[in-house]
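Data block below; observations after.
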Amino acid sequence: MEATKLFTIFEKQKNFVQLNNQNSFANIQKRLLNFVSVYKMHQKELIETINSCYNSSLWDVLYYEIKIINREIDYFVKNIKKFANSFSFKNKLNAFMFAKPITINQPYGSVLLLFNHVFPLSKIFRLILAALVCGNVVVAKLPKLNVELANLVKKIFSSAYNENLLYFLDENISEADLKAVSDFGFDLIYYNGDSETAKSLVRNYATKFCKVVYEIRNKNPVIVDETADLNKAAKKIVFSKLLFSGQTEQSIDFLVIHESIIQNFITALRSEFQKQFDKEDSIKNFTKIGTNAEFEEINNTLKKFLVKNRIIFGDHNNFDQKINFILIQVDDLKSNLLLDDIASPILPVVIFNSFADVKGIIEHNDCPKCVYVFSKNKSRINQLLNDVESCNFVVNDTMLPYLNNLEFGGIKYSGSNLLGAFQSLSTFSYKRYLIYKTRTSKKTYLNVKAKNEIAKQKIAKIK
């Protein structure tokens, strides 16, 4: 679609909210409840479509996509009245007329959401819904999903939110048109993807006073020292790394392990892998890589680096948009296997012989979303906790961020905001203070000379 036509839609969205009082609490609540009704009707279809399009296991889809979406929806439904001030404060004016100032959560206005990661799909639902519940109008570009799944997502949202409130860009929009859309004058832009594009957005829109919220899939390390329970570590690492084939933002991206336990760990890993997946044709049970282009890029990168790096577990046997689970020993800390975003079941391994080297190994990826540590040494755990910045620091587990429904997002190099539930609402709205006074004050205002004399007396008493 041409940029001029998209601009017409953008202007229509802004005018629609202003002219029709669409930000009233009653209207926002009505649309949310309508969305919930539509979503529930299509929930089973959504599960089956994700499963059929990406070969994701029904268990993973149900518990690590749908359940998370449901919890977020429940939060909005149960707590939307707490944000009534965001949408209508006339009725409360009299009650607060002589009280302290009250806080109103005000929507930013026009929001552009640019999604580039297929997994987790729940993030798409959570962020679009949060922006709308806050009272914003939204233009969203979905990642390059399977056509059937993309159409279903749009169908669910469009049933409750018309294009005056939510408009979906074509996922295959040209870079020129997308650049033109970004320059329309949005009040907030959200982006998840690579760091270079995020930096460009921040630079370009800082001068336009547009808030930019970015999220980058930084590398998450898992550290296993010689005191760790290797069977437990292997179990957790296999499950986490192969959940949606390592394509979530909380997935493990590289392993840092002590040289004295590498062989025992590989033995434990092989045993655990065979327990969780069928020994024969295990790759058939893996989730597909998000797009065919990403699959080809990962496959080509893997072929390139296998020349210099050694596979210590698994086979290089990739097909049908699936990447096999392999561990590759990496000796060069500047290797692209450690630096590039390779969201897949490929797990680079760095071997250390002194714990003092660990900080230097993992600091090549500043401020990851998650740092996972398997160790019984409390002194080492505390040392890493103090030395390494991250959103989540998890000890002897890899699934707690999922199970505890923690906020997602990042800090510094991995993101600008935390998102999810209340954090999303605070991201897509800003605080405004209402101060209303009607009583006539009987206070006498002093002239400048008298005020200065009083100030001098008080200053003289300061010791």
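Naming scheme: A, B, ... for chains in displayed order of the structure tokens; residues 1 onward per chain; ligands 1 onward as shown.
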
(request) Taking the chain letters and numbering used in this document, name the residues of region 91-338 of chain A that DSSP puts in strand (DSSP E), as an MDAnalysis selection string. (result) chainID A and resid 102:107 110:114 137:141 166:169 188:193 211:216 221:224 254:258 310:313 326:329

Could you dump the residues just selected with C-alpha atoms as a PDB file, in the first residue's frame?
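Result file out.pdb:
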```pdb
ATOM      1  CA  ILE A 102      -5.128  13.029  41.834  1.00  0.00           C
ATOM      2  CA  THR A 103      -3.152  11.095  39.238  1.00  0.00           C
ATOM      3  CA  ILE A 104      -4.547  10.373  35.783  1.00  0.00           C
ATOM      4  CA  ASN A 105      -2.980   7.882  33.376  1.00  0.00           C
ATOM      5  CA  GLN A 106      -3.128   9.565  29.997  1.00  0.00           C
ATOM      6  CA  PRO A 107      -2.686   7.654  26.695  1.00  0.00           C
ATOM      7  CA  SER A 110      -0.815   7.276  18.224  1.00  0.00           C
ATOM      8  CA  VAL A 111       1.294   4.148  18.711  1.00  0.00           C
ATOM      9  CA  LEU A 112       3.320   2.245  16.095  1.00  0.00           C
ATOM     10  CA  LEU A 113       4.188  -1.366  17.007  1.00  0.00           C
ATOM     11  CA  LEU A 114       6.883  -3.051  14.925  1.00  0.00           C
ATOM     12  CA  VAL A 137      -4.838   4.161  18.585  1.00  0.00           C
ATOM     13  CA  VAL A 138      -2.487   1.571  17.113  1.00  0.00           C
ATOM     14  CA  VAL A 139      -0.779   0.793  13.824  1.00  0.00           C
ATOM     15  CA  ALA A 140       0.942  -2.612  14.005  1.00  0.00           C
ATOM     16  CA  LYS A 141       3.260  -4.553  11.741  1.00  0.00           C
ATOM     17  CA  LEU A 166      -6.179  -0.696  15.150  1.00  0.00           C
ATOM     18  CA  TYR A 167      -4.707  -1.023  11.682  1.00  0.00           C
ATOM     19  CA  PHE A 168      -2.391  -3.820  10.565  1.00  0.00           C
ATOM     20  CA  LEU A 169       0.318  -3.012   8.045  1.00  0.00           C
ATOM     21  CA  LEU A 188       5.233   6.292  20.643  1.00  0.00           C
ATOM     22  CA  ILE A 189       7.065   3.629  18.639  1.00  0.00           C
ATOM     23  CA  TYR A 190       7.744   0.102  19.890  1.00  0.00           C
ATOM     24  CA  TYR A 191      10.324  -2.057  18.120  1.00  0.00           C
ATOM     25  CA  ASN A 192      11.744  -5.508  18.726  1.00  0.00           C
ATOM     26  CA  GLY A 193      14.555  -6.768  16.552  1.00  0.00           C
ATOM     27  CA  LYS A 211       9.057   8.063  22.735  1.00  0.00           C
ATOM     28  CA  VAL A 212      10.860   4.964  21.426  1.00  0.00           C
ATOM     29  CA  VAL A 213      10.486   1.671  23.304  1.00  0.00           C
ATOM     30  CA  TYR A 214      12.850  -0.981  22.019  1.00  0.00           C
ATOM     31  CA  GLU A 215      13.554  -4.594  22.861  1.00  0.00           C
ATOM     32  CA  ILE A 216      16.601  -6.471  21.612  1.00  0.00           C
ATOM     33  CA  PRO A 221      24.353 -17.067  29.085  1.00  0.00           C
ATOM     34  CA  VAL A 222      24.032 -20.144  31.267  1.00  0.00           C
ATOM     35  CA  ILE A 223      27.005 -20.795  33.552  1.00  0.00           C
ATOM     36  CA  VAL A 224      27.661 -24.283  34.904  1.00  0.00           C
ATOM     37  CA  PHE A 254      25.341 -19.923  24.988  1.00  0.00           C
ATOM     38  CA  LEU A 255      26.811 -22.226  27.622  1.00  0.00           C
ATOM     39  CA  VAL A 256      29.830 -21.383  29.793  1.00  0.00           C
ATOM     40  CA  ILE A 257      31.088 -24.516  31.541  1.00  0.00           C
ATOM     41  CA  HIS A 258      34.096 -25.652  33.580  1.00  0.00           C
ATOM     42  CA  ARG A 310      33.802 -28.491  16.613  1.00  0.00           C
ATOM     43  CA  ILE A 311      30.423 -30.127  17.241  1.00  0.00           C
ATOM     44  CA  ILE A 312      30.557 -31.776  20.666  1.00  0.00           C
ATOM     45  CA  PHE A 313      26.940 -32.926  20.714  1.00  0.00           C
ATOM     46  CA  ILE A 326      23.733 -29.234  18.553  1.00  0.00           C
ATOM     47  CA  LEU A 327      26.453 -27.981  20.881  1.00  0.00           C
ATOM     48  CA  ILE A 328      29.425 -26.294  19.232  1.00  0.00           C
ATOM     49  CA  GLN A 329      32.654 -25.581  21.084  1.00  0.00           C
TER      50      GLN A 329
END
```

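Distance-wise, CA of Lys12 (chain A) and CA of Thr197 (chain A) end up 28.1 Å apart.
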
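Residue nearest Lys232 (chain A) within the list A:Asn336, A:Asn172, A:Ser282, A:Ser375: A:Ser375 [criterion: smallest interatomic distance, only C-alpha atoms].
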
(request) Would you mind writing down, as a ChimeraX atom specification, each residue of region 75-217 of chain A that DSSP on the backbone assigns to helix (DSSP H, G or I)? (result) /A:75-86,90-92,122-133,147-158,175-182,195-206

(message) Residues near Phe319 (chain A), anyone? I mean within 10 Å using only C-alpha atoms, not counting same-chain ones fewer than 3 positions away, as a PyMOL selection string.
(response) chain A and resi 283-284+288+295-296+299+316+322-324

Could you save the residues just selected, with all heavy atoms, as a PDB file, in the first residue's frame?
```
ATOM      1  N   ILE A 283      14.344 -34.479  15.538  1.00  0.00           N
ATOM      2  CA  ILE A 283      14.176 -33.173  14.907  1.00  0.00           C
ATOM      3  C   ILE A 283      12.761 -32.977  14.371  1.00  0.00           C
ATOM      4  O   ILE A 283      12.283 -31.840  14.250  1.00  0.00           O
ATOM      5  CB  ILE A 283      15.216 -32.972  13.767  1.00  0.00           C
ATOM      6  CG1 ILE A 283      15.221 -31.501  13.309  1.00  0.00           C
ATOM      7  CG2 ILE A 283      14.945 -33.901  12.599  1.00  0.00           C
ATOM      8  CD1 ILE A 283      16.325 -31.181  12.324  1.00  0.00           C
ATOM      9  N   LYS A 284      12.056 -34.058  14.083  1.00  0.00           N
ATOM     10  CA  LYS A 284      10.681 -33.942  13.590  1.00  0.00           C
ATOM     11  C   LYS A 284       9.756 -33.316  14.637  1.00  0.00           C
ATOM     12  O   LYS A 284       8.692 -32.796  14.310  1.00  0.00           O
ATOM     13  CB  LYS A 284      10.152 -35.323  13.188  1.00  0.00           C
ATOM     14  CG  LYS A 284      10.787 -35.875  11.919  1.00  0.00           C
ATOM     15  CD  LYS A 284      10.140 -37.183  11.520  1.00  0.00           C
ATOM     16  CE  LYS A 284      10.731 -37.701  10.208  1.00  0.00           C
ATOM     17  NZ  LYS A 284      10.105 -38.981   9.784  1.00  0.00           N
ATOM     18  N   LYS A 288       9.441 -25.199  14.110  1.00  0.00           N
ATOM     19  CA  LYS A 288      10.098 -24.624  12.943  1.00  0.00           C
ATOM     20  C   LYS A 288      10.663 -23.240  13.268  1.00  0.00           C
ATOM     21  O   LYS A 288      10.140 -22.520  14.118  1.00  0.00           O
ATOM     22  CB  LYS A 288       9.105 -24.494  11.784  1.00  0.00           C
ATOM     23  CG  LYS A 288       8.641 -25.813  11.194  1.00  0.00           C
ATOM     24  CD  LYS A 288       7.704 -25.575  10.013  1.00  0.00           C
ATOM     25  CE  LYS A 288       7.272 -26.892   9.379  1.00  0.00           C
ATOM     26  NZ  LYS A 288       6.376 -26.674   8.210  1.00  0.00           N
ATOM     27  N   PHE A 295      15.671 -19.388   8.550  1.00  0.00           N
ATOM     28  CA  PHE A 295      16.201 -20.754   8.536  1.00  0.00           C
ATOM     29  C   PHE A 295      17.422 -20.850   7.626  1.00  0.00           C
ATOM     30  O   PHE A 295      18.456 -21.412   8.015  1.00  0.00           O
ATOM     31  CB  PHE A 295      15.116 -21.721   8.066  1.00  0.00           C
ATOM     32  CG  PHE A 295      15.619 -23.106   7.747  1.00  0.00           C
ATOM     33  CD1 PHE A 295      15.947 -23.989   8.752  1.00  0.00           C
ATOM     34  CD2 PHE A 295      15.779 -23.507   6.421  1.00  0.00           C
ATOM     35  CE1 PHE A 295      16.421 -25.261   8.463  1.00  0.00           C
ATOM     36  CE2 PHE A 295      16.248 -24.776   6.110  1.00  0.00           C
ATOM     37  CZ  PHE A 295      16.573 -25.660   7.138  1.00  0.00           C
ATOM     38  N   GLU A 296      17.316 -20.301   6.429  1.00  0.00           N
ATOM     39  CA  GLU A 296      18.433 -20.355   5.491  1.00  0.00           C
ATOM     40  C   GLU A 296      19.644 -19.583   6.021  1.00  0.00           C
ATOM     41  O   GLU A 296      20.791 -20.020   5.870  1.00  0.00           O
ATOM     42  CB  GLU A 296      18.002 -19.779   4.129  1.00  0.00           C
ATOM     43  CG  GLU A 296      16.964 -20.624   3.389  1.00  0.00           C
ATOM     44  CD  GLU A 296      17.497 -22.000   3.013  1.00  0.00           C
ATOM     45  OE1 GLU A 296      18.736 -22.177   2.939  1.00  0.00           O
ATOM     46  OE2 GLU A 296      16.668 -22.908   2.784  1.00  0.00           O
ATOM     47  N   ASN A 299      21.238 -21.660   8.786  1.00  0.00           N
ATOM     48  CA  ASN A 299      21.870 -22.839   8.202  1.00  0.00           C
ATOM     49  C   ASN A 299      23.188 -22.468   7.520  1.00  0.00           C
ATOM     50  O   ASN A 299      24.208 -23.164   7.667  1.00  0.00           O
ATOM     51  CB  ASN A 299      20.914 -23.478   7.197  1.00  0.00           C
ATOM     52  CG  ASN A 299      21.086 -24.983   7.119  1.00  0.00           C
ATOM     53  OD1 ASN A 299      21.693 -25.598   7.992  1.00  0.00           O
ATOM     54  ND2 ASN A 299      20.548 -25.585   6.078  1.00  0.00           N
ATOM     55  N   HIS A 316      24.619 -32.181  12.443  1.00  0.00           N
ATOM     56  CA  HIS A 316      24.238 -31.081  11.550  1.00  0.00           C
ATOM     57  C   HIS A 316      23.317 -31.659  10.476  1.00  0.00           C
ATOM     58  O   HIS A 316      23.734 -32.016   9.387  1.00  0.00           O
ATOM     59  CB  HIS A 316      25.493 -30.452  10.938  1.00  0.00           C
ATOM     60  CG  HIS A 316      25.163 -29.365   9.957  1.00  0.00           C
ATOM     61  ND1 HIS A 316      25.907 -29.117   8.833  1.00  0.00           N
ATOM     62  CD2 HIS A 316      24.158 -28.469   9.943  1.00  0.00           C
ATOM     63  CE1 HIS A 316      25.367 -28.122   8.154  1.00  0.00           C
ATOM     64  NE2 HIS A 316      24.313 -27.717   8.816  1.00  0.00           N
ATOM     65  N   LYS A 322      13.659 -26.631  10.037  1.00  0.00           N
ATOM     66  CA  LYS A 322      14.008 -27.011  11.413  1.00  0.00           C
ATOM     67  C   LYS A 322      15.519 -27.154  11.541  1.00  0.00           C
ATOM     68  O   LYS A 322      16.183 -27.663  10.646  1.00  0.00           O
ATOM     69  CB  LYS A 322      13.337 -28.337  11.784  1.00  0.00           C
ATOM     70  CG  LYS A 322      11.822 -28.303  11.731  1.00  0.00           C
ATOM     71  CD  LYS A 322      11.256 -29.688  11.933  1.00  0.00           C
ATOM     72  CE  LYS A 322       9.749 -29.720  11.686  1.00  0.00           C
ATOM     73  NZ  LYS A 322       9.202 -31.087  11.751  1.00  0.00           N
ATOM     74  N   ILE A 323      16.029 -26.682  12.682  1.00  0.00           N
ATOM     75  CA  ILE A 323      17.453 -26.773  12.990  1.00  0.00           C
ATOM     76  C   ILE A 323      17.632 -27.800  14.103  1.00  0.00           C
ATOM     77  O   ILE A 323      16.913 -27.771  15.105  1.00  0.00           O
ATOM     78  CB  ILE A 323      18.021 -25.405  13.442  1.00  0.00           C
ATOM     79  CG1 ILE A 323      17.837 -24.353  12.358  1.00  0.00           C
ATOM     80  CG2 ILE A 323      19.491 -25.532  13.835  1.00  0.00           C
ATOM     81  CD1 ILE A 323      18.674 -24.555  11.125  1.00  0.00           C
ATOM     82  N   ASN A 324      18.595 -28.693  13.936  1.00  0.00           N
ATOM     83  CA  ASN A 324      18.825 -29.735  14.932  1.00  0.00           C
ATOM     84  C   ASN A 324      19.500 -29.168  16.180  1.00  0.00           C
ATOM     85  O   ASN A 324      20.135 -28.115  16.134  1.00  0.00           O
ATOM     86  CB  ASN A 324      19.695 -30.845  14.335  1.00  0.00           C
ATOM     87  CG  ASN A 324      19.333 -32.209  14.893  1.00  0.00           C
ATOM     88  OD1 ASN A 324      18.682 -32.320  15.928  1.00  0.00           O
ATOM     89  ND2 ASN A 324      19.752 -33.256  14.209  1.00  0.00           N
TER      90      ASN A 324
END
```

(message) Report, in Å to a single decimal, how far apart CA of Ala130 (chain A) and CA of Ser424 (chain A) are.
(response) 6.0 Å

Please identify every residue of region 252-329 of chain A that has at least one atom no farther than 8 Å from an atom of region 238-242 of chain A, counting only C-alpha atoms, and for each give the shortest atom pair and the distance in Å to one decimal, arranged by chain then increasing number, as JSON lines.
```
{"residue": "A:Ile252", "atom": "CA", "partner": "A:Lys241", "partner_atom": "CA", "distance": 5.7}
{"residue": "A:Asp253", "atom": "CA", "partner": "A:Lys241", "partner_atom": "CA", "distance": 7.9}
{"residue": "A:Leu269", "atom": "CA", "partner": "A:Val238", "partner_atom": "CA", "distance": 7.3}
{"residue": "A:Glu272", "atom": "CA", "partner": "A:Val238", "partner_atom": "CA", "distance": 7.2}
{"residue": "A:Phe273", "atom": "CA", "partner": "A:Val238", "partner_atom": "CA", "distance": 6.4}
{"residue": "A:Gln276", "atom": "CA", "partner": "A:Phe239", "partner_atom": "CA", "distance": 7.8}
{"residue": "A:Phe286", "atom": "CA", "partner": "A:Leu242", "partner_atom": "CA", "distance": 7.3}
{"residue": "A:Phe325", "atom": "CA", "partner": "A:Leu242", "partner_atom": "CA", "distance": 7.7}
```

Hey, can you spit out that residue selection with N, CA, C and O atoms as a compact mmCIF listing (two decimals), in the first residue's frame?
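See part-v1.txt below for the written result:
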```txt
# COMPACT_ATOMS: atom_id res chain seq x y z
N ILE A 252 18.12 -19.80 26.48
CA ILE A 252 19.58 -19.84 26.66
C ILE A 252 20.24 -19.68 25.29
O ILE A 252 19.85 -20.32 24.32
N ASP A 253 21.27 -18.83 25.23
CA ASP A 253 21.94 -18.58 23.95
C ASP A 253 23.35 -19.15 23.88
O ASP A 253 23.83 -19.45 22.80
N LEU A 269 23.50 -34.68 29.39
CA LEU A 269 22.68 -33.99 28.39
C LEU A 269 22.11 -34.98 27.39
O LEU A 269 20.93 -34.90 27.02
N GLU A 272 19.27 -36.90 29.01
CA GLU A 272 18.08 -36.08 29.21
C GLU A 272 17.39 -35.76 27.89
O GLU A 272 16.16 -35.74 27.80
N PHE A 273 18.18 -35.55 26.85
CA PHE A 273 17.62 -35.26 25.53
C PHE A 273 16.80 -36.44 25.02
O PHE A 273 15.71 -36.27 24.46
N GLN A 276 13.39 -36.54 26.86
CA GLN A 276 12.42 -35.52 26.49
C GLN A 276 11.97 -35.61 25.04
O GLN A 276 10.90 -35.13 24.69
N PHE A 286 10.68 -30.81 16.61
CA PHE A 286 11.12 -29.45 16.92
C PHE A 286 10.20 -28.42 16.28
O PHE A 286 9.62 -28.65 15.21
N PHE A 325 19.34 -29.87 17.28
CA PHE A 325 19.95 -29.49 18.55
C PHE A 325 21.41 -29.90 18.55
O PHE A 325 21.72 -31.10 18.57
```

(request) Would you kindly return, as a ChimeraX atom specification, each protein, DNA or RNA residue with an atom no farther than 10 Å from any atom of Val373 (chain A), considering only C-alpha atoms and excluding same-chain residues fewer than 2 positions away? (result) /A:221-225,228,233,256,370-371,375-376,380-381,384-385,393-398

(message) Residues within 8 Å of Phe125 (chain A), please, as a ChimeraX atom specification. Count only C-alpha atoms; anything in the same chain fewer than 4 positions from it doesn't count.
(response) /A:69,121,129

Sorted by chain and rising residue number, list the residues of region 152-221 of chain A at most 10 Å from region 360-367 of chain A (counting only C-alpha atoms), each with its closest atom pair and distance in Å to one decimal, as CSV.
```
residue,atom,partner,partner_atom,distance
A:Asn218,CA,A:Asn365,CA,6.8
A:Lys219,CA,A:Asn365,CA,6.0
A:Asn220,CA,A:Asn365,CA,8.2
A:Pro221,CA,A:Ile362,CA,6.8
```

Selected residues written out, N, CA, C and O atoms, as a short mmCIF file (atom, residue, chain, number, x, y, z; two decimals), in the first residue's frame:
```cif
data_model
loop_
_atom_site.label_atom_id
_atom_site.label_comp_id
_atom_site.auth_asym_id
_atom_site.auth_seq_id
_atom_site.Cartn_x
_atom_site.Cartn_y
_atom_site.Cartn_z
N ASN A 218 19.11 -9.96 23.24
CA ASN A 218 20.52 -10.08 23.57
C ASN A 218 20.85 -11.51 23.97
O ASN A 218 19.96 -12.31 24.24
N LYS A 219 22.13 -11.83 24.03
CA LYS A 219 22.54 -13.20 24.31
C LYS A 219 22.45 -13.52 25.81
O LYS A 219 23.04 -12.84 26.64
N ASN A 220 21.69 -14.58 26.13
CA ASN A 220 21.53 -15.01 27.52
C ASN A 220 22.48 -16.16 27.83
O ASN A 220 22.36 -17.23 27.24
N PRO A 221 23.41 -15.98 28.76
CA PRO A 221 24.35 -17.07 29.09
C PRO A 221 23.81 -18.00 30.16
O PRO A 221 23.00 -17.59 31.01
#
```

(message) Excluding region 264-266 of chain A and its own-chain neighbours fewer than 3 positions away, which residues fall within 8 Å of it when counting only C-alpha atoms? Please give them as a PyMOL selection string.
(response) chain A and resi 230-231+234+261+269-270+313

Export of the given selection (N, CA, C and O atoms) as a PDB file, in the first residue's frame:
```pdb
ATOM      1  N   LEU A 230      24.749 -31.760  37.718  1.00  0.00           N
ATOM      2  CA  LEU A 230      24.771 -31.849  36.257  1.00  0.00           C
ATOM      3  C   LEU A 230      23.490 -32.428  35.675  1.00  0.00           C
ATOM      4  O   LEU A 230      23.053 -32.008  34.595  1.00  0.00           O
ATOM      5  N   ASN A 231      22.889 -33.385  36.352  1.00  0.00           N
ATOM      6  CA  ASN A 231      21.634 -33.957  35.846  1.00  0.00           C
ATOM      7  C   ASN A 231      20.528 -32.903  35.834  1.00  0.00           C
ATOM      8  O   ASN A 231      19.753 -32.815  34.870  1.00  0.00           O
ATOM      9  N   ALA A 234      21.330 -30.325  33.055  1.00  0.00           N
ATOM     10  CA  ALA A 234      21.042 -30.873  31.732  1.00  0.00           C
ATOM     11  C   ALA A 234      19.547 -30.880  31.447  1.00  0.00           C
ATOM     12  O   ALA A 234      19.099 -30.512  30.350  1.00  0.00           O
ATOM     13  N   ILE A 261      34.177 -30.735  33.922  1.00  0.00           N
ATOM     14  CA  ILE A 261      32.883 -31.432  33.946  1.00  0.00           C
ATOM     15  C   ILE A 261      32.242 -31.535  32.568  1.00  0.00           C
ATOM     16  O   ILE A 261      31.131 -32.056  32.445  1.00  0.00           O
ATOM     17  N   LEU A 269      23.499 -34.676  29.392  1.00  0.00           N
ATOM     18  CA  LEU A 269      22.684 -33.986  28.390  1.00  0.00           C
ATOM     19  C   LEU A 269      22.107 -34.977  27.386  1.00  0.00           C
ATOM     20  O   LEU A 269      20.926 -34.896  27.017  1.00  0.00           O
ATOM     21  N   ARG A 270      22.923 -35.929  26.943  1.00  0.00           N
ATOM     22  CA  ARG A 270      22.463 -36.926  25.980  1.00  0.00           C
ATOM     23  C   ARG A 270      21.336 -37.767  26.580  1.00  0.00           C
ATOM     24  O   ARG A 270      20.319 -38.035  25.923  1.00  0.00           O
ATOM     25  N   PHE A 313      28.170 -32.171  20.481  1.00  0.00           N
ATOM     26  CA  PHE A 313      26.940 -32.926  20.714  1.00  0.00           C
ATOM     27  C   PHE A 313      25.982 -32.673  19.553  1.00  0.00           C
ATOM     28  O   PHE A 313      25.820 -31.539  19.111  1.00  0.00           O
TER      29      PHE A 313
END
```

(message) Taking only C-alpha atoms into account, name the residue in A:Ala206, A:Ala343, A:Leu243, A:Leu333 that is nearest to Leu58 (chain A).
(response)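 The answer is A:Leu243, which sits nearest to Leu58 (chain A).
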
(message) Need to verify the contact set: region 178-185 of chain A, 9 Å, only C-alpha atoms, exclusion of same-chain residues closer than 2 positions in sequence. Can you return it as number ranges by chain?
(response) A: 3-4, 6-7, 10-11, 110, 112, 169, 173-176, 187-189, 205, 208, 210

(message) Counting only C-alpha atoms, which residue out of A:Ser57, A:Ser200, A:Gln263, A:Thr248 sits closest to Asp341 (chain A)?
(response)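 Looking only at the distances to Asp341 (chain A), the closest residue turns out to be A:Thr248.
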
Dump as CSV the rows for residues of region 103-149 of chain A within 9 Å of region 24-37 of chain A: closest atom pair and distance in Å with one decimal, only C-alpha atoms counted, ordered by chain and rising residue number.
```
residue,atom,partner,partner_atom,distance
A:Leu129,CA,A:Leu32,CA,8.3
A:Leu132,CA,A:Ile28,CA,7.9
A:Val133,CA,A:Ile28,CA,6.3
A:Cys134,CA,A:Ile28,CA,8.3
A:Gly135,CA,A:Ile28,CA,7.0
```

Would you save the residues from that selection as a PDB file, in the first residue's frame, using all heavy atoms?
```pdb
ATOM      1  N   LEU A 129      -2.879  -5.345  22.947  1.00  0.00           N
ATOM      2  CA  LEU A 129      -3.990  -5.163  23.869  1.00  0.00           C
ATOM      3  C   LEU A 129      -3.669  -4.086  24.906  1.00  0.00           C
ATOM      4  O   LEU A 129      -4.522  -3.248  25.236  1.00  0.00           O
ATOM      5  CB  LEU A 129      -4.316  -6.487  24.558  1.00  0.00           C
ATOM      6  CG  LEU A 129      -5.730  -6.635  25.134  1.00  0.00           C
ATOM      7  CD1 LEU A 129      -6.780  -6.366  24.068  1.00  0.00           C
ATOM      8  CD2 LEU A 129      -5.912  -8.015  25.738  1.00  0.00           C
ATOM      9  N   LEU A 132      -4.041  -0.621  23.438  1.00  0.00           N
ATOM     10  CA  LEU A 132      -5.447  -0.277  23.213  1.00  0.00           C
ATOM     11  C   LEU A 132      -6.185  -0.016  24.524  1.00  0.00           C
ATOM     12  O   LEU A 132      -6.987   0.909  24.624  1.00  0.00           O
ATOM     13  CB  LEU A 132      -6.136  -1.402  22.436  1.00  0.00           C
ATOM     14  CG  LEU A 132      -5.691  -1.576  20.982  1.00  0.00           C
ATOM     15  CD1 LEU A 132      -6.186  -2.905  20.427  1.00  0.00           C
ATOM     16  CD2 LEU A 132      -6.185  -0.422  20.121  1.00  0.00           C
ATOM     17  N   VAL A 133      -5.921  -0.829  25.540  1.00  0.00           N
ATOM     18  CA  VAL A 133      -6.572  -0.651  26.832  1.00  0.00           C
ATOM     19  C   VAL A 133      -6.195   0.695  27.452  1.00  0.00           C
ATOM     20  O   VAL A 133      -6.984   1.317  28.157  1.00  0.00           O
ATOM     21  CB  VAL A 133      -6.216  -1.811  27.783  1.00  0.00           C
ATOM     22  CG1 VAL A 133      -6.627  -1.510  29.214  1.00  0.00           C
ATOM     23  CG2 VAL A 133      -6.888  -3.095  27.320  1.00  0.00           C
ATOM     24  N   CYS A 134      -5.000   1.169  27.172  1.00  0.00           N
ATOM     25  CA  CYS A 134      -4.574   2.483  27.668  1.00  0.00           C
ATOM     26  C   CYS A 134      -5.266   3.629  26.946  1.00  0.00           C
ATOM     27  O   CYS A 134      -5.163   4.779  27.366  1.00  0.00           O
ATOM     28  CB  CYS A 134      -3.060   2.632  27.518  1.00  0.00           C
ATOM     29  SG  CYS A 134      -2.128   1.773  28.780  1.00  0.00           S
ATOM     30  N   GLY A 135      -5.958   3.333  25.857  1.00  0.00           N
ATOM     31  CA  GLY A 135      -6.685   4.368  25.139  1.00  0.00           C
ATOM     32  C   GLY A 135      -5.983   4.903  23.918  1.00  0.00           C
ATOM     33  O   GLY A 135      -6.395   5.930  23.363  1.00  0.00           O
TER      34      GLY A 135
END
```
